[in-house]
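model17.cif follows (mmCIF, C-alpha atoms):
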```cif
data_input
#
loop_
_atom_site.label_atom_id
_atom_site.label_comp_id
_atom_site.auth_asym_id
_atom_site.auth_seq_id
_atom_site.Cartn_x
_atom_site.Cartn_y
_atom_site.Cartn_z
CA MET A 1 0.00 0.00 0.00
CA LEU A 2 1.06 3.57 -0.67
CA PHE A 3 -0.58 4.92 2.45
CA THR A 4 0.84 4.58 5.91
CA MET A 5 -2.08 3.77 8.16
CA THR A 6 -2.05 4.95 11.72
CA ASN A 7 -1.85 2.11 14.21
CA LEU A 8 -4.57 1.13 16.63
CA ARG A 9 -2.78 0.64 19.93
CA CYS A 10 -4.05 -0.62 23.25
CA HIS A 11 -2.28 -0.61 26.60
CA ILE A 12 -4.06 -1.73 29.70
CA SER A 13 -3.35 -3.01 33.20
CA ILE A 14 -4.29 -6.63 33.76
CA SER A 15 -4.25 -8.97 36.73
CA LEU A 16 -2.11 -12.09 36.64
CA ASP A 17 -5.30 -14.12 36.26
CA GLY A 18 -6.32 -12.08 33.22
CA TYR A 19 -8.84 -9.45 34.31
CA VAL A 20 -8.76 -5.75 33.37
CA ALA A 21 -11.47 -4.97 35.96
CA GLY A 22 -12.58 -6.88 39.03
CA PRO A 23 -15.94 -8.56 39.65
CA ASP A 24 -19.15 -6.68 40.52
CA GLN A 25 -18.52 -3.41 38.65
CA SER A 26 -20.95 -0.68 39.65
CA THR A 27 -21.33 3.09 39.68
CA GLU A 28 -19.76 3.18 43.13
CA ASN A 29 -17.01 0.77 42.10
CA PRO A 30 -16.44 1.23 38.35
CA LEU A 31 -13.30 -0.93 38.32
CA GLY A 32 -14.94 -3.77 40.25
CA VAL A 33 -13.84 -5.32 43.53
CA GLY A 34 -10.07 -4.99 43.84
CA GLY A 35 -9.75 -3.45 40.39
CA GLU A 36 -8.32 -0.13 41.55
CA GLN A 37 -5.14 -1.90 42.60
CA LEU A 38 -4.49 -2.62 38.92
CA HIS A 39 -3.50 1.03 38.57
CA ASP A 40 -1.35 1.49 41.67
CA TRP A 41 1.84 1.29 39.58
CA VAL A 42 0.80 4.14 37.28
CA VAL A 43 -0.77 6.41 39.89
CA ALA A 44 2.57 6.25 41.75
CA LEU A 45 4.41 7.79 38.80
CA ASP A 46 5.35 11.45 38.70
CA ALA A 47 4.67 11.37 34.94
CA PHE A 48 1.08 10.32 35.63
CA GLN A 49 0.61 12.88 38.39
CA ARG A 50 1.86 15.68 36.14
CA ALA A 51 -0.43 14.58 33.28
CA HIS A 52 -3.34 14.88 35.69
CA GLY A 53 -2.38 18.27 37.10
CA GLY A 54 -0.65 16.96 40.19
CA GLN A 55 2.91 16.34 41.28
CA GLY A 56 5.05 14.39 43.71
CA GLY A 57 5.11 10.90 42.28
CA GLU A 58 8.17 8.81 41.65
CA GLU A 59 10.30 8.02 38.63
CA ASN A 60 11.19 4.41 37.98
CA ALA A 61 11.48 1.81 35.20
CA SER A 62 7.76 2.21 34.41
CA THR A 63 8.12 5.92 33.62
CA ALA A 64 9.47 5.44 30.10
CA VAL A 65 6.81 2.79 29.41
CA PHE A 66 4.05 5.16 30.49
CA GLU A 67 5.44 7.99 28.37
CA GLU A 68 5.90 5.77 25.31
CA ALA A 69 2.40 4.33 25.63
CA ASN A 70 0.83 7.78 25.64
CA ALA A 71 3.01 9.39 22.97
CA ASN A 72 1.86 10.04 19.40
CA ILE A 73 -1.84 9.49 20.07
CA GLY A 74 -4.31 11.62 18.12
CA ALA A 75 -7.64 10.08 19.08
CA ALA A 76 -9.09 7.33 21.27
CA ILE A 77 -11.87 4.75 21.28
CA MET A 78 -13.62 3.38 24.32
CA GLY A 79 -16.64 1.32 25.17
CA ARG A 80 -19.85 2.57 26.71
CA GLY A 81 -19.13 0.68 29.94
CA MET A 82 -15.86 2.55 30.39
CA PHE A 83 -17.29 5.97 29.65
CA GLY A 84 -20.11 6.04 32.12
CA PRO A 85 -21.91 4.36 34.99
CA ILE A 86 -23.30 0.95 34.23
CA GLY A 87 -27.02 0.30 34.49
CA GLY A 88 -28.42 3.79 34.15
CA GLY A 89 -27.53 6.69 36.39
CA PRO A 90 -26.52 10.13 35.08
CA TRP A 91 -25.94 8.75 31.59
CA THR A 92 -29.64 8.36 30.92
CA ASP A 93 -30.29 12.11 31.01
CA ASP A 94 -27.38 12.90 28.71
CA GLU A 95 -25.66 15.00 31.32
CA TRP A 96 -22.89 12.52 32.08
CA THR A 97 -19.52 13.67 30.71
CA GLY A 98 -17.20 10.88 31.77
CA TRP A 99 -15.06 10.12 34.81
CA TRP A 100 -12.23 12.47 33.85
CA GLY A 101 -13.47 15.91 34.94
CA ASP A 102 -14.14 19.09 32.96
CA ASN A 103 -10.65 19.16 31.44
CA PRO A 104 -9.75 15.54 30.67
CA PRO A 105 -6.02 14.87 30.46
CA CYS A 106 -6.04 13.44 26.94
CA HIS A 107 -6.84 16.62 24.93
CA TYR A 108 -7.98 14.80 21.79
CA PRO A 109 -11.20 13.36 20.30
CA VAL A 110 -12.56 10.29 22.07
CA PHE A 111 -15.04 8.03 20.27
CA VAL A 112 -17.47 6.22 22.56
CA LEU A 113 -19.08 3.02 21.29
CA THR A 114 -22.73 2.97 22.30
CA HIS A 115 -26.23 2.07 21.19
CA HIS A 116 -27.50 5.41 22.52
CA ALA A 117 -27.20 8.26 20.00
CA ARG A 118 -26.07 11.54 21.51
CA ASP A 119 -24.61 14.86 20.35
CA ARG A 120 -20.91 15.50 20.54
CA VAL A 121 -19.69 16.90 23.88
CA GLU A 122 -16.89 19.48 23.88
CA MET A 123 -14.77 19.53 27.02
CA ALA A 124 -12.17 22.06 28.11
CA GLY A 125 -8.63 21.58 26.84
CA GLY A 126 -9.47 20.06 23.47
CA THR A 127 -11.08 16.78 24.47
CA THR A 128 -14.32 15.95 22.66
CA TYR A 129 -16.57 12.97 23.27
CA ARG A 130 -18.27 11.66 20.11
CA PHE A 131 -20.79 8.85 20.26
CA VAL A 132 -20.68 6.12 17.63
CA THR A 133 -23.70 3.87 17.19
CA ASP A 134 -22.75 1.98 14.03
CA GLY A 135 -20.05 -0.35 15.28
CA ILE A 136 -16.35 -0.80 15.91
CA GLU A 137 -15.19 -0.44 12.29
CA SER A 138 -16.97 2.87 11.91
CA ALA A 139 -15.50 4.10 15.19
CA LEU A 140 -12.01 3.17 14.03
CA GLU A 141 -12.50 4.86 10.67
CA GLN A 142 -13.72 8.07 12.33
CA ALA A 143 -10.95 7.99 14.93
CA ARG A 144 -8.27 7.50 12.26
CA ALA A 145 -9.63 10.45 10.30
CA ALA A 146 -9.58 12.59 13.45
CA ALA A 147 -6.13 11.51 14.61
CA GLY A 148 -4.27 13.77 12.19
CA GLY A 149 -1.74 11.12 11.21
CA LYS A 150 -1.06 10.01 14.75
CA ASP A 151 -2.07 6.65 16.23
CA VAL A 152 -5.44 5.78 17.74
CA MET A 153 -5.59 4.55 21.33
CA LEU A 154 -8.03 1.83 22.29
CA TRP A 155 -8.80 2.46 25.94
CA GLY A 156 -11.08 -0.50 26.64
CA GLY A 157 -12.81 -2.01 28.44
CA GLY A 158 -12.13 -5.69 28.17
CA GLN A 159 -15.08 -6.54 25.96
CA VAL A 160 -14.24 -3.89 23.38
CA ILE A 161 -10.59 -4.93 23.26
CA GLY A 162 -11.74 -8.49 22.57
CA GLN A 163 -13.94 -7.27 19.72
CA TYR A 164 -11.15 -5.32 18.01
CA LEU A 165 -8.70 -8.19 18.49
CA ALA A 166 -11.11 -10.73 17.06
CA ALA A 167 -11.85 -8.47 14.09
CA GLY A 168 -8.16 -8.21 13.28
CA LEU A 169 -8.18 -4.43 13.75
CA LEU A 170 -5.73 -4.08 16.64
CA ASP A 171 -2.07 -3.46 15.77
CA VAL A 172 -0.26 -3.14 19.10
CA LEU A 173 -1.23 -4.59 22.47
CA GLU A 174 0.60 -3.75 25.66
CA LEU A 175 -0.33 -5.42 28.93
CA HIS A 176 0.82 -4.10 32.27
CA VAL A 177 0.74 -7.33 34.29
CA VAL A 178 0.08 -6.75 37.97
CA PRO A 179 0.57 -9.53 40.57
CA LEU A 180 -3.07 -9.59 41.62
CA LEU A 181 -5.57 -12.43 41.48
CA LEU A 182 -8.97 -10.78 41.07
CA GLY A 183 -10.83 -14.07 40.71
CA GLY A 184 -13.34 -12.66 38.23
CA GLY A 185 -14.29 -9.60 36.22
CA SER A 186 -13.72 -8.37 32.69
CA ARG A 187 -11.42 -10.35 30.38
CA PRO A 188 -10.04 -8.83 27.17
CA PHE A 189 -9.49 -12.08 25.32
CA VAL A 190 -12.25 -13.88 23.51
CA ALA A 191 -12.33 -17.46 22.34
CA GLY A 192 -11.48 -18.04 18.73
CA SER A 193 -9.97 -14.66 17.97
CA GLY A 194 -7.28 -16.47 16.03
CA ALA A 195 -4.95 -13.51 16.46
CA ARG A 196 -1.24 -14.19 16.30
CA LEU A 197 1.05 -12.03 18.40
CA GLU A 198 4.74 -11.25 18.30
CA GLN A 199 6.53 -10.21 21.46
CA VAL A 200 8.13 -6.77 21.03
CA ARG A 201 9.68 -6.36 24.46
CA ALA A 202 9.22 -6.83 28.19
CA VAL A 203 10.13 -4.31 30.88
CA GLU A 204 10.21 -5.06 34.60
CA GLY A 205 8.88 -2.25 36.76
CA PRO A 206 8.23 -2.19 40.51
CA GLY A 207 5.18 -4.41 41.12
CA VAL A 208 4.35 -4.65 37.41
CA THR A 209 5.75 -6.07 34.18
CA HIS A 210 5.08 -4.37 30.85
CA LEU A 211 4.58 -6.82 27.97
CA LYS A 212 4.33 -5.33 24.51
CA TYR A 213 3.11 -7.27 21.45
CA ARG A 214 2.50 -6.61 17.79
CA VAL A 215 -0.63 -8.26 16.42
CA LEU A 216 0.26 -10.04 13.19
CA THR A 217 -2.21 -9.88 10.36
CA GLU A 218 -2.85 -13.21 8.69
CA GLY A 219 -1.86 -13.17 5.06
CA ALA A 220 -0.13 -9.79 5.24
CA GLY A 221 3.50 -9.47 4.25
CA MET B 1 9.49 -21.78 63.50
CA LEU B 2 12.77 -23.53 64.13
CA PHE B 3 12.52 -25.65 61.02
CA THR B 4 13.27 -24.40 57.56
CA MET B 5 10.59 -25.82 55.32
CA THR B 6 11.39 -26.65 51.77
CA ASN B 7 9.51 -24.51 49.29
CA LEU B 8 6.81 -25.73 46.96
CA ARG B 9 7.66 -24.16 43.60
CA CYS B 10 5.78 -24.17 40.32
CA HIS B 11 6.97 -22.97 36.95
CA ILE B 12 4.84 -23.46 33.89
CA SER B 13 4.37 -22.08 30.39
CA ILE B 14 1.14 -20.15 29.90
CA SER B 15 -0.53 -18.47 26.95
CA LEU B 16 -1.19 -14.74 27.03
CA ASP B 17 -4.87 -15.52 27.51
CA GLY B 18 -4.10 -17.66 30.55
CA TYR B 19 -4.10 -21.30 29.50
CA VAL B 20 -1.44 -23.89 30.39
CA ALA B 21 -2.90 -26.36 27.86
CA GLY B 22 -5.13 -25.79 24.85
CA PRO B 23 -8.70 -26.95 24.34
CA ASP B 24 -9.71 -30.55 23.55
CA GLN B 25 -6.93 -32.40 25.36
CA SER B 26 -6.81 -36.07 24.38
CA THR B 27 -4.47 -39.06 24.32
CA GLU B 28 -3.36 -38.06 20.84
CA ASN B 29 -3.03 -34.42 21.82
CA PRO B 30 -2.21 -34.30 25.55
CA LEU B 31 -1.47 -30.57 25.53
CA GLY B 32 -4.67 -29.69 23.67
CA VAL B 33 -5.05 -27.87 20.37
CA GLY B 34 -2.13 -25.48 19.95
CA GLY B 35 -0.73 -26.31 23.39
CA GLU B 36 2.58 -27.71 22.14
CA GLN B 37 3.60 -24.23 21.03
CA LEU B 38 3.65 -23.22 24.70
CA HIS B 39 6.90 -25.14 24.99
CA ASP B 40 8.69 -24.00 21.84
CA TRP B 41 10.87 -21.62 23.83
CA VAL B 42 12.19 -24.35 26.14
CA VAL B 43 12.58 -27.10 23.53
CA ALA B 44 14.81 -24.68 21.59
CA LEU B 45 17.28 -24.46 24.47
CA ASP B 46 20.52 -26.43 24.50
CA ALA B 47 20.08 -26.79 28.27
CA PHE B 48 16.75 -28.56 27.69
CA GLN B 49 18.14 -30.74 24.92
CA ARG B 50 21.03 -31.87 27.10
CA ALA B 51 18.72 -32.65 30.03
CA HIS B 52 16.77 -34.92 27.68
CA GLY B 53 19.79 -36.70 26.22
CA GLY B 54 20.02 -34.57 23.09
CA GLN B 55 22.13 -31.67 21.92
CA GLY B 56 22.21 -28.81 19.46
CA GLY B 57 19.86 -26.23 20.95
CA GLU B 58 20.62 -22.61 21.52
CA GLU B 59 21.69 -20.52 24.47
CA ASN B 60 19.81 -17.31 25.16
CA ALA B 61 18.27 -15.22 27.95
CA SER B 62 15.92 -18.07 28.84
CA THR B 63 18.78 -20.48 29.57
CA ALA B 64 19.52 -19.14 33.05
CA VAL B 65 15.79 -19.10 33.84
CA PHE B 66 15.43 -22.74 32.81
CA GLU B 67 18.44 -23.77 34.87
CA GLU B 68 17.32 -21.82 37.94
CA ALA B 69 13.79 -23.23 37.73
CA ASN B 70 15.06 -26.80 37.72
CA ALA B 71 17.83 -26.41 40.32
CA ASN B 72 17.56 -27.65 43.92
CA ILE B 73 14.50 -29.85 43.33
CA GLY B 74 14.27 -33.09 45.35
CA ALA B 75 10.78 -34.30 44.46
CA ALA B 76 7.77 -33.37 42.35
CA ILE B 77 3.98 -33.48 42.43
CA MET B 78 1.69 -33.73 39.46
CA GLY B 79 -1.94 -34.35 38.71
CA ARG B 80 -3.40 -37.49 37.23
CA GLY B 81 -4.27 -35.67 34.03
CA MET B 82 -0.64 -34.75 33.44
CA PHE B 83 0.73 -38.21 34.20
CA GLY B 84 -1.32 -40.24 31.79
CA PRO B 85 -3.88 -40.33 29.02
CA ILE B 86 -7.22 -38.85 29.88
CA GLY B 87 -10.34 -40.97 29.74
CA GLY B 88 -8.92 -44.45 30.08
CA GLY B 89 -6.33 -45.94 27.80
CA PRO B 90 -3.20 -47.70 28.99
CA TRP B 91 -3.59 -46.28 32.50
CA THR B 92 -6.48 -48.53 33.29
CA ASP B 93 -4.37 -51.67 33.15
CA ASP B 94 -1.65 -50.19 35.34
CA GLU B 95 0.97 -50.53 32.64
CA TRP B 96 1.20 -46.83 31.85
CA THR B 97 4.45 -45.30 33.10
CA GLY B 98 4.15 -41.67 32.02
CA TRP B 99 5.07 -39.67 28.93
CA TRP B 100 8.76 -39.37 29.79
CA GLY B 101 10.23 -42.72 28.69
CA ASP B 102 12.03 -45.45 30.66
CA ASN B 103 14.61 -43.06 32.09
CA PRO B 104 12.76 -39.82 32.88
CA PRO B 105 14.98 -36.74 33.02
CA CYS B 106 14.06 -35.68 36.54
CA HIS B 107 15.75 -38.50 38.53
CA TYR B 108 13.75 -37.96 41.72
CA PRO B 109 10.47 -39.15 43.31
CA VAL B 110 7.32 -37.92 41.60
CA PHE B 111 4.01 -38.01 43.50
CA VAL B 112 0.96 -38.42 41.28
CA LEU B 113 -2.41 -37.25 42.64
CA THR B 114 -5.08 -39.76 41.72
CA HIS B 115 -8.18 -41.55 42.94
CA HIS B 116 -6.79 -44.83 41.59
CA ALA B 117 -4.54 -46.64 44.07
CA ARG B 118 -1.49 -48.22 42.50
CA ASP B 119 1.89 -49.57 43.57
CA ARG B 120 4.99 -47.45 43.27
CA VAL B 121 6.76 -47.65 39.90
CA GLU B 122 10.56 -47.56 39.80
CA MET B 123 12.03 -46.15 36.62
CA ALA B 124 15.63 -46.15 35.41
CA GLY B 125 17.86 -43.31 36.60
CA GLY B 126 16.28 -42.77 40.03
CA THR B 127 12.83 -41.56 39.10
CA THR B 128 9.98 -43.21 40.99
CA TYR B 129 6.27 -42.64 40.48
CA ARG B 130 4.22 -42.85 43.67
CA PHE B 131 0.46 -42.60 43.65
CA VAL B 132 -1.29 -40.54 46.31
CA THR B 133 -5.01 -41.03 46.84
CA ASP B 134 -5.57 -38.99 50.00
CA GLY B 135 -5.28 -35.45 48.72
CA ILE B 136 -2.96 -32.55 47.99
CA GLU B 137 -1.79 -31.97 51.56
CA SER B 138 -0.75 -35.58 51.95
CA ALA B 139 1.09 -35.46 48.63
CA LEU B 140 2.97 -32.36 49.71
CA GLU B 141 3.88 -33.89 53.06
CA GLN B 142 5.21 -37.04 51.38
CA ALA B 143 7.07 -35.07 48.72
CA ARG B 144 8.71 -32.84 51.32
CA ALA B 145 9.83 -35.88 53.27
CA ALA B 146 11.28 -37.42 50.12
CA ALA B 147 12.98 -34.23 48.88
CA GLY B 148 15.96 -34.52 51.23
CA GLY B 149 15.95 -30.85 52.19
CA LYS B 150 15.55 -29.62 48.63
CA ASP B 151 12.45 -27.94 47.23
CA VAL B 152 9.39 -29.68 45.81
CA MET B 153 8.34 -28.93 42.22
CA LEU B 154 4.67 -28.69 41.36
CA TRP B 155 4.46 -29.72 37.72
CA GLY B 156 0.75 -29.17 37.12
CA GLY B 157 -1.60 -29.32 35.38
CA GLY B 158 -3.68 -26.23 35.69
CA GLN B 159 -6.33 -27.65 37.99
CA VAL B 160 -3.79 -28.95 40.50
CA ILE B 161 -1.90 -25.65 40.54
CA GLY B 162 -5.19 -23.89 41.31
CA GLN B 163 -5.84 -26.27 44.18
CA TYR B 164 -2.43 -25.71 45.80
CA LEU B 165 -2.69 -21.94 45.30
CA ALA B 166 -6.18 -21.78 46.81
CA ALA B 167 -5.05 -23.90 49.76
CA GLY B 168 -2.18 -21.49 50.48
CA LEU B 169 0.42 -24.23 49.98
CA LEU B 170 2.34 -22.80 47.01
CA ASP B 171 5.43 -20.69 47.79
CA VAL B 172 6.85 -19.69 44.41
CA LEU B 173 5.06 -19.34 41.08
CA GLU B 174 6.88 -18.71 37.82
CA LEU B 175 4.94 -18.19 34.60
CA HIS B 176 6.60 -18.38 31.22
CA VAL B 177 4.24 -16.13 29.25
CA VAL B 178 4.07 -17.05 25.57
CA PRO B 179 2.41 -14.75 22.99
CA LEU B 180 -0.25 -17.26 22.04
CA LEU B 181 -4.02 -16.96 22.27
CA LEU B 182 -5.30 -20.51 22.76
CA GLY B 183 -8.91 -19.44 23.21
CA GLY B 184 -9.68 -22.18 25.73
CA GLY B 185 -8.15 -25.01 27.74
CA SER B 186 -6.80 -25.46 31.24
CA ARG B 187 -6.46 -22.42 33.52
CA PRO B 188 -4.33 -22.51 36.66
CA PHE B 189 -6.16 -19.77 38.54
CA VAL B 190 -9.34 -20.40 40.44
CA ALA B 191 -11.87 -17.86 41.65
CA GLY B 192 -11.55 -16.83 45.24
CA SER B 193 -8.11 -18.19 45.92
CA GLY B 194 -7.39 -15.00 47.85
CA ALA B 195 -3.67 -15.51 47.29
CA ARG B 196 -1.47 -12.42 47.36
CA LEU B 197 1.60 -12.39 45.17
CA GLU B 198 4.81 -10.39 45.17
CA GLN B 199 6.72 -9.90 41.95
CA VAL B 200 10.26 -11.24 42.30
CA ARG B 201 11.56 -10.49 38.81
CA ALA B 202 10.81 -10.51 35.10
CA VAL B 203 13.16 -11.73 32.38
CA GLU B 204 12.60 -11.17 28.68
CA GLY B 205 13.54 -14.14 26.51
CA PRO B 206 13.02 -14.66 22.79
CA GLY B 207 9.29 -15.22 22.27
CA VAL B 208 8.62 -15.58 26.00
CA THR B 209 8.71 -13.55 29.21
CA HIS B 210 9.50 -15.20 32.53
CA LEU B 211 7.52 -13.76 35.46
CA LYS B 212 8.46 -14.97 38.92
CA TYR B 213 6.32 -14.40 42.02
CA ARG B 214 6.44 -15.26 45.69
CA VAL B 215 3.09 -16.25 47.16
CA LEU B 216 2.55 -14.32 50.39
CA THR B 217 0.95 -16.16 53.25
CA GLU B 218 -1.84 -14.23 54.96
CA GLY B 219 -1.04 -13.60 58.60
CA ALA B 220 2.49 -14.96 58.38
CA GLY B 221 5.43 -12.76 59.27
#
```
What would you get if you wrote out this structure as structure tokens?
Amino acid sequence: MLFTMTNLRCHISISLDGYVAGPDQSTENPLGVGGEQLHDWVVALDAFQRAHGGQGGEENASTAVFEEANANIGAAIMGRGMFGPIGGGPWTDDEWTGWWGDNPPCHYPVFVLTHHARDRVEMAGGTTYRFVTDGIESALEQARAAAGGKDVMLWGGGQVIGQYLAAGLLDVLELHVVPLLLGGGSRPFVAGSGARLEQVRAVEGPGVTHLKYRVLTEGAG
Amino acid sequence: MLFTMTNLRCHISISLDGYVAGPDQSTENPLGVGGEQLHDWVVALDAFQRAHGGQGGEENASTAVFEEANANIGAAIMGRGMFGPIGGGPWTDDEWTGWWGDNPPCHYPVFVLTHHARDRVEMAGGTTYRFVTDGIESALEQARAAAGGKDVMLWGGGQVIGQYLAAGLLDVLELHVVPLLLGGGSRPFVAGSGARLEQVRAVEGPGVTHLKYRVLTEGAG
């Protein structure tokens, strides 16, 4: 091909037993029981604190991984279950604008997969939420067009990652493996995806290991 | 305690989606569909080839991991499903002596968990198979007594690993994470084990990452 396509990349924290959120997710506990601990490694980083308007975290082997994972991203895709409370709540009156405050730290367009049509929401700082009701391929096409030549980030959750992987649309998958056993919750891998992966690199951080893979496309050169 | 207990250690290859054997395990395909690829990284090693009477493999970053994982082991435990064909076959007439030939490479006592009582089998080279019908704690007690001060290796399969983990009897868990999606099969983690793990180290090998954890005992010092 003459065109260089932007990559669809996903990086997500996962428990050693394979869950990206714990069991019993709810509005009060959006990451499920025990799920918040999946993100302890990143919240501890100074790079994360600065990206979220804070300071005072640490610098360690995970810092470069965090910075690389968030570099060169021009748009993002996420599932309805990640964007808002599950099972009703503020979402139903179209006033819900995500978990990330009035000035979300990403500063780019975010495409939300949903069955509920809704007008675009403009946040402070350049973030926009756009609601896609016609499926994952359409969302990817729109996100690529909006990314301005940069890559598209697939935020999750687990179910949506599984859908993109099974459809052969994901290019790069990075898992931040945390030594937790959550015993249940949301799994990103679906049976029969048939995806083949190639290990790019592994980095040991404190209390986490960062595993990066390229998803190989069957039949491609 | 005044006594130094030997550790129960487990190291096993696992797919990125969490399976230690693929789906549809059978006598013809004891590792399940696609499961043999879990072991490509180790079969490629010269250290593995030499341990199995061969030669000609390679040396790489996984070599030291392989040697460490197999050092200081005085006895092993494995499940019935790992020892012999599933669903009958040679086992039923007590003539089955495992998948590992007349002179198995381990050269120490191996305790097989089973509901089928059977006399001890002495193999060439010091390996003995002993059949334990009264549960995982009894098997561990017998293996520790037979290990001569060395550690006990828990070979698997997945179900047995889950049982020892849930019972709080496993001390060290090493996973060799292979970039395969098997889509189904045997999983070593069981819901509600409640085990807490501490990351010891991660090593990147070619086509595999070696993650080593210590299992923390609740309430212990």
_Calculated over only C-alpha atoms, which of the candidates B:Gly149, B:Pro179, B:Gly185, B:Pro30 has the smallest distance to chain A?_
B:Pro179
_Can you tell me which residues surround segment 57-60 of chain A at a distance of at most 6 Å, considering only C-alpha atoms, apart from same-chain residues fewer than 5 positions away, and format the answer as a list of chain:residue names?_
A:Ala44, A:Leu45, A:Asp46
*When you get a sec, could you note down which chain B residues fall within 12 Å of chain A, using only C-alpha atoms, as a ChimeraX atom specification?*
/B:14-19,22-23,33-34,162,165-166,173-175,177-185,187-216
_Here is a test: counting only C-alpha atoms, which residue of A:Thr127, A:Thr27, A:Thr97, A:Asn70 is nearest to Leu154 of chain A?_
A:Asn70
*Could you give me, as a PyMOL selection string, the residues within 6 Å of Gly84 of chain A, counting all atoms listed in the file and dropping anything in the same chain fewer than 2 positions from it?*
chain A and resi 81-82+98
*Considering only C-alpha atoms, return as a list in words whatever protein or nucleic-acid residues lie within 9 Å of Ala76 of chain A, sequence-local ones (same chain, fewer than 5 positions apart) excluded.*
Leu8, Cys106, Tyr108, Pro109, Val110, Phe111, Val112, Leu140, Ala143, Ala147, Asp151, Val152, Met153, Leu154 and Trp155 of chain A
Using only C-alpha atoms, please write the residues we just selected to a file, as a PDB file, keeping the file's coordinate frame.
```pdb
ATOM      1  CA  LEU A   8      -4.570   1.130  16.630  1.00  0.00           C
ATOM      2  CA  CYS A 106      -6.040  13.440  26.940  1.00  0.00           C
ATOM      3  CA  TYR A 108      -7.980  14.800  21.790  1.00  0.00           C
ATOM      4  CA  PRO A 109     -11.200  13.360  20.300  1.00  0.00           C
ATOM      5  CA  VAL A 110     -12.560  10.290  22.070  1.00  0.00           C
ATOM      6  CA  PHE A 111     -15.040   8.030  20.270  1.00  0.00           C
ATOM      7  CA  VAL A 112     -17.470   6.220  22.560  1.00  0.00           C
ATOM      8  CA  LEU A 140     -12.010   3.170  14.030  1.00  0.00           C
ATOM      9  CA  ALA A 143     -10.950   7.990  14.930  1.00  0.00           C
ATOM     10  CA  ALA A 147      -6.130  11.510  14.610  1.00  0.00           C
ATOM     11  CA  ASP A 151      -2.070   6.650  16.230  1.00  0.00           C
ATOM     12  CA  VAL A 152      -5.440   5.780  17.740  1.00  0.00           C
ATOM     13  CA  MET A 153      -5.590   4.550  21.330  1.00  0.00           C
ATOM     14  CA  LEU A 154      -8.030   1.830  22.290  1.00  0.00           C
ATOM     15  CA  TRP A 155      -8.800   2.460  25.940  1.00  0.00           C
TER      16      TRP A 155
END
```
Residue rebuild result segment 68-79 of chain B, N, CA and C atoms as a PDB file, keeping the file's coordinate frame:
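File written: part_0.pdb
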```pdb
ATOM      1  N   GLU B  68      17.724 -22.199  36.586  1.00  0.00           N
ATOM      2  CA  GLU B  68      17.320 -21.820  37.940  1.00  0.00           C
ATOM      3  C   GLU B  68      16.033 -22.552  38.345  1.00  0.00           C
ATOM      4  N   ALA B  69      15.088 -22.637  37.410  1.00  0.00           N
ATOM      5  CA  ALA B  69      13.790 -23.230  37.730  1.00  0.00           C
ATOM      6  C   ALA B  69      13.913 -24.714  38.068  1.00  0.00           C
ATOM      7  N   ASN B  70      14.918 -25.360  37.506  1.00  0.00           N
ATOM      8  CA  ASN B  70      15.060 -26.800  37.720  1.00  0.00           C
ATOM      9  C   ASN B  70      16.134 -27.163  38.747  1.00  0.00           C
ATOM     10  N   ALA B  71      16.778 -26.147  39.331  1.00  0.00           N
ATOM     11  CA  ALA B  71      17.830 -26.410  40.320  1.00  0.00           C
ATOM     12  C   ALA B  71      17.220 -26.650  41.696  1.00  0.00           C
ATOM     13  N   ASN B  72      17.916 -27.428  42.513  1.00  0.00           N
ATOM     14  CA  ASN B  72      17.560 -27.650  43.920  1.00  0.00           C
ATOM     15  C   ASN B  72      16.164 -28.248  44.094  1.00  0.00           C
ATOM     16  N   ILE B  73      15.790 -29.159  43.217  1.00  0.00           N
ATOM     17  CA  ILE B  73      14.500 -29.850  43.330  1.00  0.00           C
ATOM     18  C   ILE B  73      14.766 -31.295  43.770  1.00  0.00           C
ATOM     19  N   GLY B  74      14.058 -31.738  44.827  1.00  0.00           N
ATOM     20  CA  GLY B  74      14.270 -33.090  45.350  1.00  0.00           C
ATOM     21  C   GLY B  74      13.102 -34.025  45.111  1.00  0.00           C
ATOM     22  N   ALA B  75      11.964 -33.477  44.713  1.00  0.00           N
ATOM     23  CA  ALA B  75      10.780 -34.300  44.460  1.00  0.00           C
ATOM     24  C   ALA B  75       9.768 -33.445  43.709  1.00  0.00           C
ATOM     25  N   ALA B  76       8.778 -34.105  43.116  1.00  0.00           N
ATOM     26  CA  ALA B  76       7.770 -33.370  42.350  1.00  0.00           C
ATOM     27  C   ALA B  76       6.377 -33.924  42.632  1.00  0.00           C
ATOM     28  N   ILE B  77       5.393 -33.083  42.323  1.00  0.00           N
ATOM     29  CA  ILE B  77       3.980 -33.480  42.430  1.00  0.00           C
ATOM     30  C   ILE B  77       3.321 -33.162  41.093  1.00  0.00           C
ATOM     31  N   MET B  78       2.491 -34.069  40.638  1.00  0.00           N
ATOM     32  CA  MET B  78       1.690 -33.730  39.460  1.00  0.00           C
ATOM     33  C   MET B  78       0.316 -34.370  39.542  1.00  0.00           C
ATOM     34  N   GLY B  79      -0.583 -33.835  38.732  1.00  0.00           N
ATOM     35  CA  GLY B  79      -1.940 -34.350  38.710  1.00  0.00           C
ATOM     36  C   GLY B  79      -2.050 -35.576  37.806  1.00  0.00           C
TER      37      GLY B  79
END
```
